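Worksheet: one structure, shown below.
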Amino acid sequence: MASFKVAQDLGVTTLETDLAVTRDGVVVISHDPVLNPALTRGPDGQWLAAAGPAIRTLSLDELKRYDIGRLDPASKYAQQFPEQKPVDGQRFPTLTEFFAQAAPGVRFNIEIKTDPGKPDLTLDPAAFAKLAVEGIRSAGAEARSTLQSFDWRGLIEARKLAPEIATGCL
């Protein structure tokens, strides 16, 4: 959430983010479908030793125990972003929290992260699209949102459910 605030403070007019869905059906902001050890510390404060578990296997309460406020300085990923400013205590935000912090008029590019080659890592595309559409509608952000994905199956579903929400095939 800190990075989205900084972006808006800089005058960014469109926020891009990716989605995942927890075991209990909550849409959250995450680039990866699994916990990434380069940027995730467990409830014990230690960096994860390996990737995982998949977000879809965790409840929201379980997911919120992980800190994603800084990069592991020993990771190759951190070496690519030496100027990144850590903000300890950041947790995986929900889509609802993401929309709540957005300034009026900000646009959203929202990626449904499914992969036909790894179907066990995420919700199926139709169910994922339904939850994403519900989240966008709950926020009243239909006119300001574009749903995008490399996996077009979810976008086809989203268009059926919400033709008023723009889609973008990646």
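Every chain in the structure tokens takes a letter, A first, then B, and so on in the order presented; its residues are numbered from 1, and the ligands are numbered from 1 following the presented order.
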
(message) So that I can check the surroundings of Arg159 (chain A), please list as a list in words every protein, DNA and RNA residue that reaches within 12 Å of it, counting only C-alpha atoms and ignoring chain neighbours fewer than 2 positions away.
(response) Ala126, Ala129, Lys130, Ala132, Val133, Glu142, Thr146, Leu147, Gln148, Trp152, Arg153, Gly154, Leu155, Ile156, Glu157, Leu161, Ala162, Pro163, Glu164, Ile165, Ala166, Thr167, Gly168 and Cys169 of chain A

For the residues selected in the previous step, produce a file with N, CA, C and O atoms as an mmCIF file, in the first residue's frame.
```cif
data_model
loop_
_atom_site.group_PDB
_atom_site.id
_atom_site.type_symbol
_atom_site.label_atom_id
_atom_site.label_comp_id
_atom_site.auth_asym_id
_atom_site.auth_seq_id
_atom_site.Cartn_x
_atom_site.Cartn_y
_atom_site.Cartn_z
ATOM 1 N N ALA A 126 -12.772 -18.586 -14.573
ATOM 2 C CA ALA A 126 -14.149 -18.088 -14.478
ATOM 3 C C ALA A 126 -14.459 -17.593 -13.065
ATOM 4 O O ALA A 126 -15.020 -16.505 -12.879
ATOM 5 N N ALA A 129 -12.412 -14.405 -12.368
ATOM 6 C CA ALA A 129 -12.997 -13.242 -13.034
ATOM 7 C C ALA A 129 -14.237 -12.751 -12.293
ATOM 8 O O ALA A 129 -14.434 -11.540 -12.131
ATOM 9 N N LYS A 130 -15.057 -13.667 -11.836
ATOM 10 C CA LYS A 130 -16.277 -13.293 -11.100
ATOM 11 C C LYS A 130 -15.922 -12.500 -9.848
ATOM 12 O O LYS A 130 -16.533 -11.452 -9.577
ATOM 13 N N ALA A 132 -13.143 -10.820 -9.260
ATOM 14 C CA ALA A 132 -12.540 -9.544 -9.656
ATOM 15 C C ALA A 132 -13.621 -8.542 -10.057
ATOM 16 O O ALA A 132 -13.593 -7.378 -9.635
ATOM 17 N N VAL A 133 -14.578 -8.995 -10.852
ATOM 18 C CA VAL A 133 -15.680 -8.122 -11.273
ATOM 19 C C VAL A 133 -16.470 -7.655 -10.052
ATOM 20 O O VAL A 133 -16.810 -6.464 -9.936
ATOM 21 N N GLU A 142 -15.991 0.597 -12.025
ATOM 22 C CA GLU A 142 -16.122 -0.006 -13.359
ATOM 23 C C GLU A 142 -15.590 0.895 -14.470
ATOM 24 O O GLU A 142 -14.872 0.427 -15.352
ATOM 25 N N THR A 146 -9.570 -1.379 -16.032
ATOM 26 C CA THR A 146 -9.335 -2.288 -17.147
ATOM 27 C C THR A 146 -8.830 -3.592 -16.548
ATOM 28 O O THR A 146 -7.837 -3.587 -15.809
ATOM 29 N N LEU A 147 -9.530 -4.683 -16.836
ATOM 30 C CA LEU A 147 -9.056 -6.006 -16.439
ATOM 31 C C LEU A 147 -8.163 -6.519 -17.539
ATOM 32 O O LEU A 147 -8.516 -6.434 -18.725
ATOM 33 N N GLN A 148 -7.023 -7.045 -17.183
ATOM 34 C CA GLN A 148 -6.081 -7.558 -18.177
ATOM 35 C C GLN A 148 -5.556 -8.908 -17.734
ATOM 36 O O GLN A 148 -5.593 -9.239 -16.558
ATOM 37 N N TRP A 152 -6.494 -15.422 -21.489
ATOM 38 C CA TRP A 152 -7.697 -14.756 -21.974
ATOM 39 C C TRP A 152 -8.989 -15.400 -21.494
ATOM 40 O O TRP A 152 -10.055 -14.808 -21.595
ATOM 41 N N ARG A 153 -8.937 -16.595 -20.943
ATOM 42 C CA ARG A 153 -10.157 -17.264 -20.486
ATOM 43 C C ARG A 153 -10.891 -16.438 -19.436
ATOM 44 O O ARG A 153 -12.118 -16.317 -19.468
ATOM 45 N N GLY A 154 -10.165 -15.857 -18.513
ATOM 46 C CA GLY A 154 -10.792 -15.021 -17.489
ATOM 47 C C GLY A 154 -11.377 -13.748 -18.060
ATOM 48 O O GLY A 154 -12.423 -13.277 -17.605
ATOM 49 N N LEU A 155 -10.725 -13.193 -19.065
ATOM 50 C CA LEU A 155 -11.235 -11.968 -19.686
ATOM 51 C C LEU A 155 -12.535 -12.232 -20.439
ATOM 52 O O LEU A 155 -13.445 -11.399 -20.428
ATOM 53 N N ILE A 156 -12.626 -13.384 -21.086
ATOM 54 C CA ILE A 156 -13.868 -13.754 -21.781
ATOM 55 C C ILE A 156 -15.009 -13.832 -20.767
ATOM 56 O O ILE A 156 -16.112 -13.325 -21.008
ATOM 57 N N GLU A 157 -14.736 -14.446 -19.610
ATOM 58 C CA GLU A 157 -15.748 -14.533 -18.544
ATOM 59 C C GLU A 157 -16.111 -13.150 -18.038
ATOM 60 O O GLU A 157 -17.284 -12.852 -17.840
ATOM 61 N N LEU A 161 -19.787 -11.201 -17.799
ATOM 62 C CA LEU A 161 -20.348 -10.722 -16.537
ATOM 63 C C LEU A 161 -20.486 -9.204 -16.490
ATOM 64 O O LEU A 161 -21.418 -8.691 -15.867
ATOM 65 N N ALA A 162 -19.564 -8.509 -17.107
ATOM 66 C CA ALA A 162 -19.503 -7.044 -16.964
ATOM 67 C C ALA A 162 -18.990 -6.396 -18.235
ATOM 68 O O ALA A 162 -17.841 -5.963 -18.299
ATOM 69 N N PRO A 163 -19.811 -6.330 -19.255
ATOM 70 C CA PRO A 163 -19.344 -5.727 -20.511
ATOM 71 C C PRO A 163 -18.950 -4.257 -20.356
ATOM 72 O O PRO A 163 -18.242 -3.717 -21.204
ATOM 73 N N GLU A 164 -19.361 -3.635 -19.256
ATOM 74 C CA GLU A 164 -19.016 -2.235 -19.028
ATOM 75 C C GLU A 164 -17.582 -2.051 -18.529
ATOM 76 O O GLU A 164 -17.066 -0.935 -18.518
ATOM 77 N N ILE A 165 -16.928 -3.127 -18.119
ATOM 78 C CA ILE A 165 -15.545 -3.046 -17.655
ATOM 79 C C ILE A 165 -14.624 -3.385 -18.827
ATOM 80 O O ILE A 165 -14.747 -4.445 -19.438
ATOM 81 N N ALA A 166 -13.731 -2.470 -19.139
ATOM 82 C CA ALA A 166 -12.793 -2.697 -20.242
ATOM 83 C C ALA A 166 -11.891 -3.881 -19.935
ATOM 84 O O ALA A 166 -11.578 -4.163 -18.779
ATOM 85 N N THR A 167 -11.465 -4.576 -20.995
ATOM 86 C CA THR A 167 -10.524 -5.670 -20.844
ATOM 87 C C THR A 167 -9.344 -5.449 -21.787
ATOM 88 O O THR A 167 -9.474 -4.773 -22.807
ATOM 89 N N GLY A 168 -8.224 -6.029 -21.408
ATOM 90 C CA GLY A 168 -7.028 -5.927 -22.228
ATOM 91 C C GLY A 168 -6.310 -7.257 -22.254
ATOM 92 O O GLY A 168 -5.949 -7.802 -21.212
ATOM 93 N N CYS A 169 -6.146 -7.780 -23.446
ATOM 94 C CA CYS A 169 -5.440 -9.067 -23.610
ATOM 95 C C CYS A 169 -3.940 -8.789 -23.671
ATOM 96 O O CYS A 169 -3.491 -7.977 -24.477
#
```

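Residue-level DSSP output for region 102-157 of chain A, from the backbone, shows alpha helix (DSSP H) at Pro125, Ala126, Ala127, Phe128, Ala129, Lys130, Leu131, Ala132, Val133, Glu134, Gly135, Ile136, Arg137, Ser138, Trp152, Arg153, Gly154, Leu155, Ile156 and Glu157 of chain A.
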
(message) Give me the residues near His31 (chain A) as a ChimeraX atom specification, where near means some atom within 9 Å (using only C-alpha atoms) and where sequence neighbours in that chain fewer than 5 positions away do not count.
(response) /A:17-20,111,113

Could you find all residues in chain A that DSSP calls strand (DSSP E) from the backbone, and write them as an mmCIF file with N, CA and C atoms, in the first residue's frame?
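Okay, result-v2.cif is ready:
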```
data_model
loop_
_atom_site.group_PDB
_atom_site.id
_atom_site.type_symbol
_atom_site.label_atom_id
_atom_site.label_comp_id
_atom_site.auth_asym_id
_atom_site.auth_seq_id
_atom_site.Cartn_x
_atom_site.Cartn_y
_atom_site.Cartn_z
ATOM 1 N N THR A 14 -2.651 6.302 -13.186
ATOM 2 C CA THR A 14 -3.127 4.928 -13.349
ATOM 3 C C THR A 14 -2.268 4.007 -12.497
ATOM 4 N N LEU A 15 -2.934 3.177 -11.696
ATOM 5 C CA LEU A 15 -2.245 2.187 -10.876
ATOM 6 C C LEU A 15 -2.427 0.819 -11.518
ATOM 7 N N GLU A 16 -1.322 0.093 -11.669
ATOM 8 C CA GLU A 16 -1.370 -1.264 -12.213
ATOM 9 C C GLU A 16 -1.081 -2.218 -11.084
ATOM 10 N N THR A 17 -1.853 -3.282 -11.017
ATOM 11 C CA THR A 17 -1.616 -4.284 -9.997
ATOM 12 C C THR A 17 -2.110 -5.642 -10.458
ATOM 13 N N ASP A 18 -1.695 -6.664 -9.745
ATOM 14 C CA ASP A 18 -2.069 -8.043 -10.055
ATOM 15 C C ASP A 18 -2.856 -8.608 -8.890
ATOM 16 N N LEU A 19 -3.659 -9.605 -9.193
ATOM 17 C CA LEU A 19 -4.535 -10.187 -8.186
ATOM 18 C C LEU A 19 -4.214 -11.646 -7.912
ATOM 19 N N ALA A 20 -4.566 -12.052 -6.705
ATOM 20 C CA ALA A 20 -4.584 -13.451 -6.290
ATOM 21 C C ALA A 20 -5.838 -13.611 -5.441
ATOM 22 N N VAL A 21 -6.198 -14.852 -5.166
ATOM 23 C CA VAL A 21 -7.384 -15.127 -4.353
ATOM 24 C C VAL A 21 -6.994 -16.101 -3.248
ATOM 25 N N VAL A 27 -10.094 -11.510 -2.619
ATOM 26 C CA VAL A 27 -9.188 -11.040 -3.669
ATOM 27 C C VAL A 27 -8.147 -10.129 -3.019
ATOM 28 N N VAL A 28 -6.880 -10.450 -3.270
ATOM 29 C CA VAL A 28 -5.771 -9.690 -2.697
ATOM 30 C C VAL A 28 -4.832 -9.233 -3.811
ATOM 31 N N ILE A 29 -4.006 -8.271 -3.460
ATOM 32 C CA ILE A 29 -3.009 -7.747 -4.383
ATOM 33 C C ILE A 29 -1.735 -8.582 -4.240
ATOM 34 N N ARG A 107 -7.119 5.805 -12.312
ATOM 35 C CA ARG A 107 -7.541 4.650 -13.102
ATOM 36 C C ARG A 107 -6.805 3.415 -12.616
ATOM 37 N N PHE A 108 -7.333 2.239 -13.007
ATOM 38 C CA PHE A 108 -6.768 0.975 -12.542
ATOM 39 C C PHE A 108 -6.578 0.001 -13.700
ATOM 40 N N ASN A 109 -5.381 -0.538 -13.841
ATOM 41 C CA ASN A 109 -5.109 -1.685 -14.710
ATOM 42 C C ASN A 109 -4.914 -2.866 -13.769
ATOM 43 N N ILE A 110 -5.823 -3.817 -13.835
ATOM 44 C CA ILE A 110 -5.849 -4.904 -12.868
ATOM 45 C C ILE A 110 -5.687 -6.225 -13.597
ATOM 46 N N GLU A 111 -4.637 -6.946 -13.240
ATOM 47 C CA GLU A 111 -4.349 -8.202 -13.929
ATOM 48 C C GLU A 111 -4.852 -9.404 -13.151
ATOM 49 N N ILE A 112 -5.646 -10.216 -13.832
ATOM 50 C CA ILE A 112 -6.058 -11.519 -13.305
ATOM 51 C C ILE A 112 -4.903 -12.466 -13.598
ATOM 52 N N SER A 145 -11.632 1.143 -14.544
ATOM 53 C CA SER A 145 -10.833 -0.086 -14.476
ATOM 54 C C SER A 145 -10.707 -0.770 -15.825
ATOM 55 N N THR A 146 -9.570 -1.379 -16.032
ATOM 56 C CA THR A 146 -9.335 -2.288 -17.147
ATOM 57 C C THR A 146 -8.830 -3.592 -16.548
ATOM 58 N N LEU A 147 -9.530 -4.683 -16.836
ATOM 59 C CA LEU A 147 -9.056 -6.006 -16.439
ATOM 60 C C LEU A 147 -8.163 -6.519 -17.539
ATOM 61 N N GLN A 148 -7.023 -7.045 -17.183
ATOM 62 C CA GLN A 148 -6.081 -7.558 -18.177
ATOM 63 C C GLN A 148 -5.556 -8.908 -17.734
ATOM 64 N N SER A 149 -5.079 -9.686 -18.709
ATOM 65 C CA SER A 149 -4.520 -10.994 -18.393
ATOM 66 C C SER A 149 -3.804 -11.561 -19.605
ATOM 67 N N ALA A 166 -13.731 -2.470 -19.139
ATOM 68 C CA ALA A 166 -12.793 -2.697 -20.242
ATOM 69 C C ALA A 166 -11.891 -3.881 -19.935
ATOM 70 N N THR A 167 -11.465 -4.576 -20.995
ATOM 71 C CA THR A 167 -10.524 -5.670 -20.844
ATOM 72 C C THR A 167 -9.344 -5.449 -21.787
ATOM 73 N N GLY A 168 -8.224 -6.029 -21.408
ATOM 74 C CA GLY A 168 -7.028 -5.927 -22.228
ATOM 75 C C GLY A 168 -6.310 -7.257 -22.254
ATOM 76 N N CYS A 169 -6.146 -7.780 -23.446
ATOM 77 C CA CYS A 169 -5.440 -9.067 -23.610
ATOM 78 C C CYS A 169 -3.940 -8.789 -23.671
#
```

(request) Excluding Met1 (chain A) and residues on its chain fewer than 2 positions from it, collect all residues at most 9 Å away from it, counting only C-alpha atoms, and give them as a ChimeraX atom specification. (result) /A:3-6,90-93,97-98,101

(message) Can you tell me which residues surround region 119-123 of chain A at a distance of at most 9 Å, considering only C-alpha atoms, apart from same-chain residues fewer than 3 positions away, and format the answer as a PyMOL selection string?
(response) chain A and resi 20-22+33-34+54-57+113-116+126-128

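Among A:Ala139, A:Pro73, A:Val12, A:Ile68, the residue with the shortest atom-to-atom distance to Ser30 (chain A), counting only C-alpha atoms, is A:Ile68.
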